[in-house]
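What follows is a set of notes on a single structure, which appears directly below.
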Amino acid sequence: MKQNTTCPYCGVGCGVTAELSDQRIIAVSGDSQHPANFGRLCIKGSTLHETTQTEQRLLLPRVDGQNVHWSDAIEAVASRIRQSLDAHGPGSIAMYLSGQLLTEDYYVANKLMKGFLGSSHVDTNSRLCMASTVAGHKRAFGSDSVPGCYEDIELADLIILVGSNAAWNHPILFQRIQAAKTQRPQVKVVVIDPRATATCELADLHLALKPGSDVALFNALLVHLAHSDALDQSYIDQHTEGFERAIEAARQDIPDIQTAARLTDIPLADLTIFFDWFTNTPRTLTLFSQGVNQSSSGTDKVNSLMNCHLATGRIGKPGSSPFSLTGQPNAMGGREVGGLANQLAAHMEFSPEAINRVQNFWNAPNMAQQPGHKALDLFQAIDRGEIKVLWIMATNPLVSLPNTALIRRALKRCDCVIVSEAMSETDTLTFADIQLPSSTWGEKNGTVTNSERRISRQKGLIKAPGEARHDWEIICDVAKALGFEEGFNFSHPAQIFAEHAALSGFENDGQRSFDISGLSHLSQQEYDQLQPVQWPINQHFPYGRKRLFDDGQFSTPSGKAQFIATQTNTPKALPSAQWPYQLNTGRIRDQWHTMTRTGRAARLFNHRAEPFVDLHPEDAKYHNLRDQDLAELSNHQGRYIGRVRISAAQRQGEVFIPMHWNQQFSGDGYCNALLEGFCDPVSGQPESKQGAVALSAYPAQWHAQLLIKDDTELRLRGYWSKIPMRHSTQFLLADTELPRSWMEWCRQHLGQAPDSWVQSSAGDMRAVAFDQDRLRWVLLISLNPIQSDPAPMDMLFSKRTLTPTQRTRLLNAQQGAQATQIICSCHQVTEASIKAAIEKGCHTLDSLKEKLACGTGCGSCIPELSSLLAEEIATLTIEEQSV
């Protein structure tokens with residue numbers, strides 16, 4: 001049986017077709033009818049069925065370390081909330097939510113907190129990725145509304161990607177860009193990013209700007225547009241306000257293109273090309289993401305970019321808009337119901353009129369009267385002891401928030417930490433006084449809203465394991481236990497959605513662009529059959545609306561868009577003599593957030609298996625670091641250890657590390673341990689793209705590769721990284737001290753001395769241990785980093801007993817081919833096999849696809865295939881010329 005649902009990863013919001021058998025999801029594919037992806041899926045989406053196993057799931061509610069019945073857990077949550085309310089007031093209660101929640105979960109959480117408990121201290125991890133865009137939208141348009149749609153990709157003549165590695169982070173949209181450029185080669189693509197990422201493979205122009213200098217770039221562009229008579233003066237006069245202030249501020253900030261080149265560190269010739277292309281291309285689509293948002297001046301970056309679109313009338317027109325690429329699957333849905341601490345439901349602000357309106361609609365007894373603490377402020381308030389009860393849902397703040405030491409300290413100090421979580425092992429769950437088992441993707445039933453304002457259904461396909469329950473059900477039961485039964489008497493998410501839709505149209509005279517009141521009368525059957533649709537959906541737009549503001553009417557009091565005067569501000573965290581390297585952080589292609597879901601799929605570790613540090617060749621040379629060595633980054637807050645990857649794509653003096661690794665998968669892979677938590681003053685979004693660190697070699701005295709059947713008893717120190725395999729778990733190890741005895745080391749750290757071992761004169765060692773006849777672990781030790789292919793050894797863990805030949809091979813020091821990087825995760829195609837195919841005559845991307853099938857699955861590897869192809873052909877050409 002097959003059913004359609006929606007992917008739970010990025011904000012593209014792809015449709016998924018799941019194949020079911022015996023209450024299991026056995027395969028997934030792209031929904032060919034869904035307008036977000038038309039059947040395409042990236043590797044993360046393609047492996048969703050590999051993450052739905054019941055192992056490592058939180059199955060029972062726990063209170064103070066003891067398994068309890070649900071009724072007792074609900075009463076415990078209600079009792080502790082009630083005690084804190086009585087003793088300290090509503091300001092002592094807080095919630096921290098997630099873009100992984102469905103809109104219906106989000107809605108009842110906000111209703112309980114802001115309307116019935118009277119606390120506005122409810123924020124979301126969307127604060128970490130989208131808050132600056134929200135603030136920029138509000139300042140410019142009067143509402144948090146994305147003007148464009150995905151169809152604009154096929155209509156644009158100039159596509160600009162700012163702070164976005166879409167090839168890895170929004171791969172399905174990137175494939176649409178690729179297809180558009182293939183169909184119309186005249187389309188120009190510009191990538192604005194300090195790093196030369198996979199996205200740059202498609203770029204006609206890459207502007208490797210100095211980190212944090214986006215405002216200087218777009219202020220310079222605005223000045224250029226004015227000097228070149230390229231302004232749409234009629235549009236400015238009729239539909240905008242504040243242009244004179246904005247252009248004067250831009251002129252004072254960046255008076256000429258030479259100043260822009262100096263401040264952005266972009267060659268003057270490249271700036272000139274970019275300005276000319278923007279000036280002369282009416283159909284311009286600017287896609288921007290975390291490189292813009294995650295900054296201490298993120299909101300100004302957003303508005304400086306939007307100023308250029310407003311000045312040329314490029315808002316809400318076919319192929320022409322500024323377009324925010326949302327990070328999470330339901331970040332926008334959370335914003336719609338008031339998931340941010342400074343918002344009320346249905347995109348309303350904390351104005352007296354809106355407070356009264358929402359209170360009347362909800363019949364709320366204790367309506368919050370002012371904004372609450374934003375994410376980082378929230379945890380600082382917990383650390384100060386002001387917040388006594390914290391309820392965390394579907395997120396892992398100990399890993400995702402900056403200043404890890406502060407977050408850990410705050411969680412320890414909080415009187416009561418409640419965590420609603422699907423997985424049994426997360427860094428944050430360790431601090432929970434009350435653990436509530438929640439349903440997850442494939443089990444949850446509700447709606448999500450993607451980057452183009454499209455509402456889609458995420459359907460419950462299988463039953464949640466154990467006693468896991470839906471978040472909206474848990475919240476409603478707690479509300480009833482607190483005496484608020486009338487406001488939370490929901491028995492199906494369709495009822496919640498209907499109320500949410502009705503509120504969006506309540507006393508809405510058209511001033512609020514978010515209006516889905518046309519869906520407020522859906523029956524449960526109609527809700528179950530709801531097809532993807534873009535808001536607004538009301539009497540004026542009964543079938544949704546592709547673009548907003550195309551009529552020149554905005555959501556501001558005057559009905560006109562607002563230019564915002566901006567000026568260049570450097571990042572708060574700047575390099576110094578003590579911390580000389582600029583730190584950049586971000587996502588990688590095959591992992592998602594803190595790996596609580598993707599960490600369950602072994603295939604998703606093939607592309608990048610462990611924490612790493614991207615370094616420019618000159619920086620590596622200065623520190624005498626080779627590719628695959630271990631390096632340590634440090635500052636006054638913490639340290640990070642990762643595998644060195646030397647790349648000329650990195651700017652000199654800057655380093656890049658991934659955000660995903662945590663204490664479930666590494667010893668010192670906390671990226672956010674190095675970030676200080678500086679925030680944008682308008683949006684409250686942390687500056688996660690800039691930090692300052694020192695770099696040094698990790699002085700490893702030995703390295704090891706361990707494959708083990710059961711890792712529950714491991715006690716590791718030094719550097720370690722955990723990599724799930726099909727039949728075992730692999731660990732890569734290193735330490736700064738040689739043990740006196742390897743036998744004793746094995747007993748102490750692996751719980752068992754080896755049954756057999758071989759040691760070479762060079763100091764290398766291989767050891768194996770068995771549980772009766774079954775292989776328990778294999779350990780390879782060397783004085784140098786080990787790059788042995790683990791796959792042959794992993795297969796042996798699937799066997800009940802090993803033959804004498806297999807046992808001998810395990811101890812053969814020459815056994816095992818060198819590991820090679822997987823380029824195509826879908827079809828498991830290695831870099832070595834691709835190079836071999838190129839050497840044998842596959843000199844085009846199509847021939848590689850035909851020969852090896854790489855790039856024919858999700859397509860996320862195509863930029864790397866293209867790059868590898870170009871490098872290898874260049875090498876072959878040089879070799880032929882030398883002969």
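In the structure tokens, each chain is lettered A, B, ... as it comes, each chain's residues begin at 1, and ligands are numbered from 1 in order of appearance.
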Can you tell me, as number ranges by chain, what residues are no more than 12 Å from Asp144 in chain A when counting only C-alpha atoms, ignoring any on the same chain fewer than 2 positions away? A: 130-142, 146-147, 323-324, 331-336, 338, 340, 343, 346-349, 451, 453, 512-514, 548, 554-556
Need to verify the contact set: Leu310 in chain A, 12 Å, only C-alpha atoms, exclusion of same-chain residues closer than 3 positions in sequence. Can you return it as a PyMOL selection string? chain A and resi 140-141+147+222+225+230-243+246-247+282+284+303-307+313-317+320-322+549-550+552+554+560-564
Can you work out which one of A:Val533, A:Glu872, A:Gln806, A:Lys621 has the shortest atom-to-atom distance to Ala832 in chain A, counting only C-alpha atoms?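 Among A:Val533, A:Glu872, A:Gln806, A:Lys621, it is A:Glu872 that comes nearest to Ala832 in chain A.
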CA of Phe174 in chain A to CA of Ala874 in chain A, straight-line distance in Å: 26.0 Å
Applying 8 Å and only C-alpha atoms, which residues near range 418-428 of chain A remain after dropping the ones on its own chain fewer than 4 positions away? List them as a PyMOL selection string. chain A and resi 56-59+77+389-399+432-440+468+471+596+662-664
Could those selected residues go to a file with C-alpha atoms, as a PDB file, in the first residue's frame?
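This went into part.pdb:
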ATOM      1  CA  GLN A  56      16.581   3.820  20.363  1.00  0.00           C
ATOM      2  CA  ARG A  57      13.048   5.205  20.731  1.00  0.00           C
ATOM      3  CA  LEU A  58      11.713   6.665  23.955  1.00  0.00           C
ATOM      4  CA  LEU A  59       8.830   4.291  24.644  1.00  0.00           C
ATOM      5  CA  VAL A  77       3.718  18.017  34.521  1.00  0.00           C
ATOM      6  CA  VAL A 389       9.837  25.099  34.669  1.00  0.00           C
ATOM      7  CA  LEU A 390      10.999  24.545  31.082  1.00  0.00           C
ATOM      8  CA  TRP A 391       9.153  22.309  28.608  1.00  0.00           C
ATOM      9  CA  ILE A 392      11.261  21.418  25.533  1.00  0.00           C
ATOM     10  CA  MET A 393       9.582  19.782  22.537  1.00  0.00           C
ATOM     11  CA  ALA A 394      11.171  18.065  19.507  1.00  0.00           C
ATOM     12  CA  THR A 395      14.499  19.870  19.680  1.00  0.00           C
ATOM     13  CA  ASN A 396      17.976  19.495  21.138  1.00  0.00           C
ATOM     14  CA  PRO A 397      19.079  22.939  22.412  1.00  0.00           C
ATOM     15  CA  LEU A 398      22.192  21.670  24.182  1.00  0.00           C
ATOM     16  CA  VAL A 399      23.609  20.979  20.717  1.00  0.00           C
ATOM     17  CA  ALA A 432      15.070  15.955  31.795  1.00  0.00           C
ATOM     18  CA  ASP A 433      13.253  15.515  35.096  1.00  0.00           C
ATOM     19  CA  ILE A 434      10.212  14.403  33.105  1.00  0.00           C
ATOM     20  CA  GLN A 435      10.565  12.543  29.803  1.00  0.00           C
ATOM     21  CA  LEU A 436       7.509  12.319  27.545  1.00  0.00           C
ATOM     22  CA  PRO A 437       7.685   9.878  24.587  1.00  0.00           C
ATOM     23  CA  SER A 438       6.441  11.563  21.411  1.00  0.00           C
ATOM     24  CA  SER A 439       5.494  10.398  17.957  1.00  0.00           C
ATOM     25  CA  THR A 440       7.693  11.355  15.042  1.00  0.00           C
ATOM     26  CA  ALA A 468       4.569   7.350  22.423  1.00  0.00           C
ATOM     27  CA  ASP A 471       2.494  16.262  21.040  1.00  0.00           C
ATOM     28  CA  THR A 596      18.708  12.474  16.158  1.00  0.00           C
ATOM     29  CA  ASN A 662      27.116  15.907  19.441  1.00  0.00           C
ATOM     30  CA  GLN A 663      27.998  13.738  22.418  1.00  0.00           C
ATOM     31  CA  GLN A 664      26.050  10.822  20.974  1.00  0.00           C
TER      32      GLN A 664
END
Show which residues sit within 8 Å of range 569-571 of chain A, as a PyMOL selection string. Count only C-alpha atoms, and ignore same-chain residues fewer than 4 positions away. chain A and resi 211-213+215+295-297+687+690
Could those residues be written to a file, using all heavy atoms, as a PDB file, in the first residue's frame?
ATOM      1  N   PRO A 211      33.366  37.588   5.338  1.00  0.00           N
ATOM      2  CA  PRO A 211      32.224  37.240   6.197  1.00  0.00           C
ATOM      3  C   PRO A 211      31.634  38.462   6.894  1.00  0.00           C
ATOM      4  O   PRO A 211      32.359  39.285   7.459  1.00  0.00           O
ATOM      5  CB  PRO A 211      32.832  36.260   7.208  1.00  0.00           C
ATOM      6  CG  PRO A 211      33.972  35.637   6.482  1.00  0.00           C
ATOM      7  CD  PRO A 211      34.541  36.727   5.614  1.00  0.00           C
ATOM      8  N   GLY A 212      30.312  38.581   6.818  1.00  0.00           N
ATOM      9  CA  GLY A 212      29.611  39.654   7.518  1.00  0.00           C
ATOM     10  C   GLY A 212      29.477  40.947   6.751  1.00  0.00           C
ATOM     11  O   GLY A 212      28.903  41.910   7.268  1.00  0.00           O
ATOM     12  N   SER A 213      29.964  40.988   5.503  1.00  0.00           N
ATOM     13  CA  SER A 213      29.980  42.269   4.769  1.00  0.00           C
ATOM     14  C   SER A 213      28.820  42.407   3.784  1.00  0.00           C
ATOM     15  O   SER A 213      28.874  43.232   2.868  1.00  0.00           O
ATOM     16  CB  SER A 213      31.309  42.429   4.025  1.00  0.00           C
ATOM     17  OG  SER A 213      31.486  41.415   3.063  1.00  0.00           O
ATOM     18  N   VAL A 215      25.835  43.761   4.029  1.00  0.00           N
ATOM     19  CA  VAL A 215      25.198  45.076   3.967  1.00  0.00           C
ATOM     20  C   VAL A 215      26.011  46.023   3.103  1.00  0.00           C
ATOM     21  O   VAL A 215      25.450  46.800   2.306  1.00  0.00           O
ATOM     22  CB  VAL A 215      24.993  45.656   5.386  1.00  0.00           C
ATOM     23  CG1 VAL A 215      24.502  47.102   5.314  1.00  0.00           C
ATOM     24  CG2 VAL A 215      23.996  44.811   6.168  1.00  0.00           C
ATOM     25  N   SER A 295      23.446  36.139  11.944  1.00  0.00           N
ATOM     26  CA  SER A 295      24.407  37.238  12.068  1.00  0.00           C
ATOM     27  C   SER A 295      23.929  38.222  13.122  1.00  0.00           C
ATOM     28  O   SER A 295      22.722  38.359  13.364  1.00  0.00           O
ATOM     29  CB  SER A 295      24.543  37.946  10.711  1.00  0.00           C
ATOM     30  OG  SER A 295      25.187  39.183  10.840  1.00  0.00           O
ATOM     31  N   SER A 296      24.854  38.911  13.727  1.00  0.00           N
ATOM     32  CA  SER A 296      24.475  39.952  14.687  1.00  0.00           C
ATOM     33  C   SER A 296      23.905  41.180  13.991  1.00  0.00           C
ATOM     34  O   SER A 296      23.416  42.101  14.644  1.00  0.00           O
ATOM     35  CB  SER A 296      25.701  40.347  15.531  1.00  0.00           C
ATOM     36  OG  SER A 296      26.766  40.767  14.701  1.00  0.00           O
ATOM     37  N   SER A 297      23.954  41.207  12.654  1.00  0.00           N
ATOM     38  CA  SER A 297      23.290  42.263  11.886  1.00  0.00           C
ATOM     39  C   SER A 297      22.421  41.629  10.799  1.00  0.00           C
ATOM     40  O   SER A 297      22.263  42.182   9.715  1.00  0.00           O
ATOM     41  CB  SER A 297      24.312  43.217  11.258  1.00  0.00           C
ATOM     42  OG  SER A 297      25.229  42.524  10.438  1.00  0.00           O
ATOM     43  N   GLU A 687      24.460  34.920  16.262  1.00  0.00           N
ATOM     44  CA  GLU A 687      25.481  35.027  15.223  1.00  0.00           C
ATOM     45  C   GLU A 687      26.212  33.678  15.142  1.00  0.00           C
ATOM     46  O   GLU A 687      27.278  33.483  15.730  1.00  0.00           O
ATOM     47  CB  GLU A 687      26.461  36.154  15.567  1.00  0.00           C
ATOM     48  CG  GLU A 687      27.494  36.425  14.504  1.00  0.00           C
ATOM     49  CD  GLU A 687      28.293  37.677  14.817  1.00  0.00           C
ATOM     50  OE1 GLU A 687      29.172  37.613  15.689  1.00  0.00           O
ATOM     51  OE2 GLU A 687      28.018  38.723  14.205  1.00  0.00           O
ATOM     52  N   GLN A 690      29.712  33.406  12.469  1.00  0.00           N
ATOM     53  CA  GLN A 690      31.006  34.026  12.737  1.00  0.00           C
ATOM     54  C   GLN A 690      31.453  33.744  14.163  1.00  0.00           C
ATOM     55  O   GLN A 690      30.681  33.940  15.109  1.00  0.00           O
ATOM     56  CB  GLN A 690      30.956  35.545  12.515  1.00  0.00           C
ATOM     57  CG  GLN A 690      31.016  35.974  11.055  1.00  0.00           C
ATOM     58  CD  GLN A 690      29.647  36.164  10.452  1.00  0.00           C
ATOM     59  OE1 GLN A 690      28.735  36.683  11.074  1.00  0.00           O
ATOM     60  NE2 GLN A 690      29.476  35.745   9.208  1.00  0.00           N
TER      61      GLN A 690
END
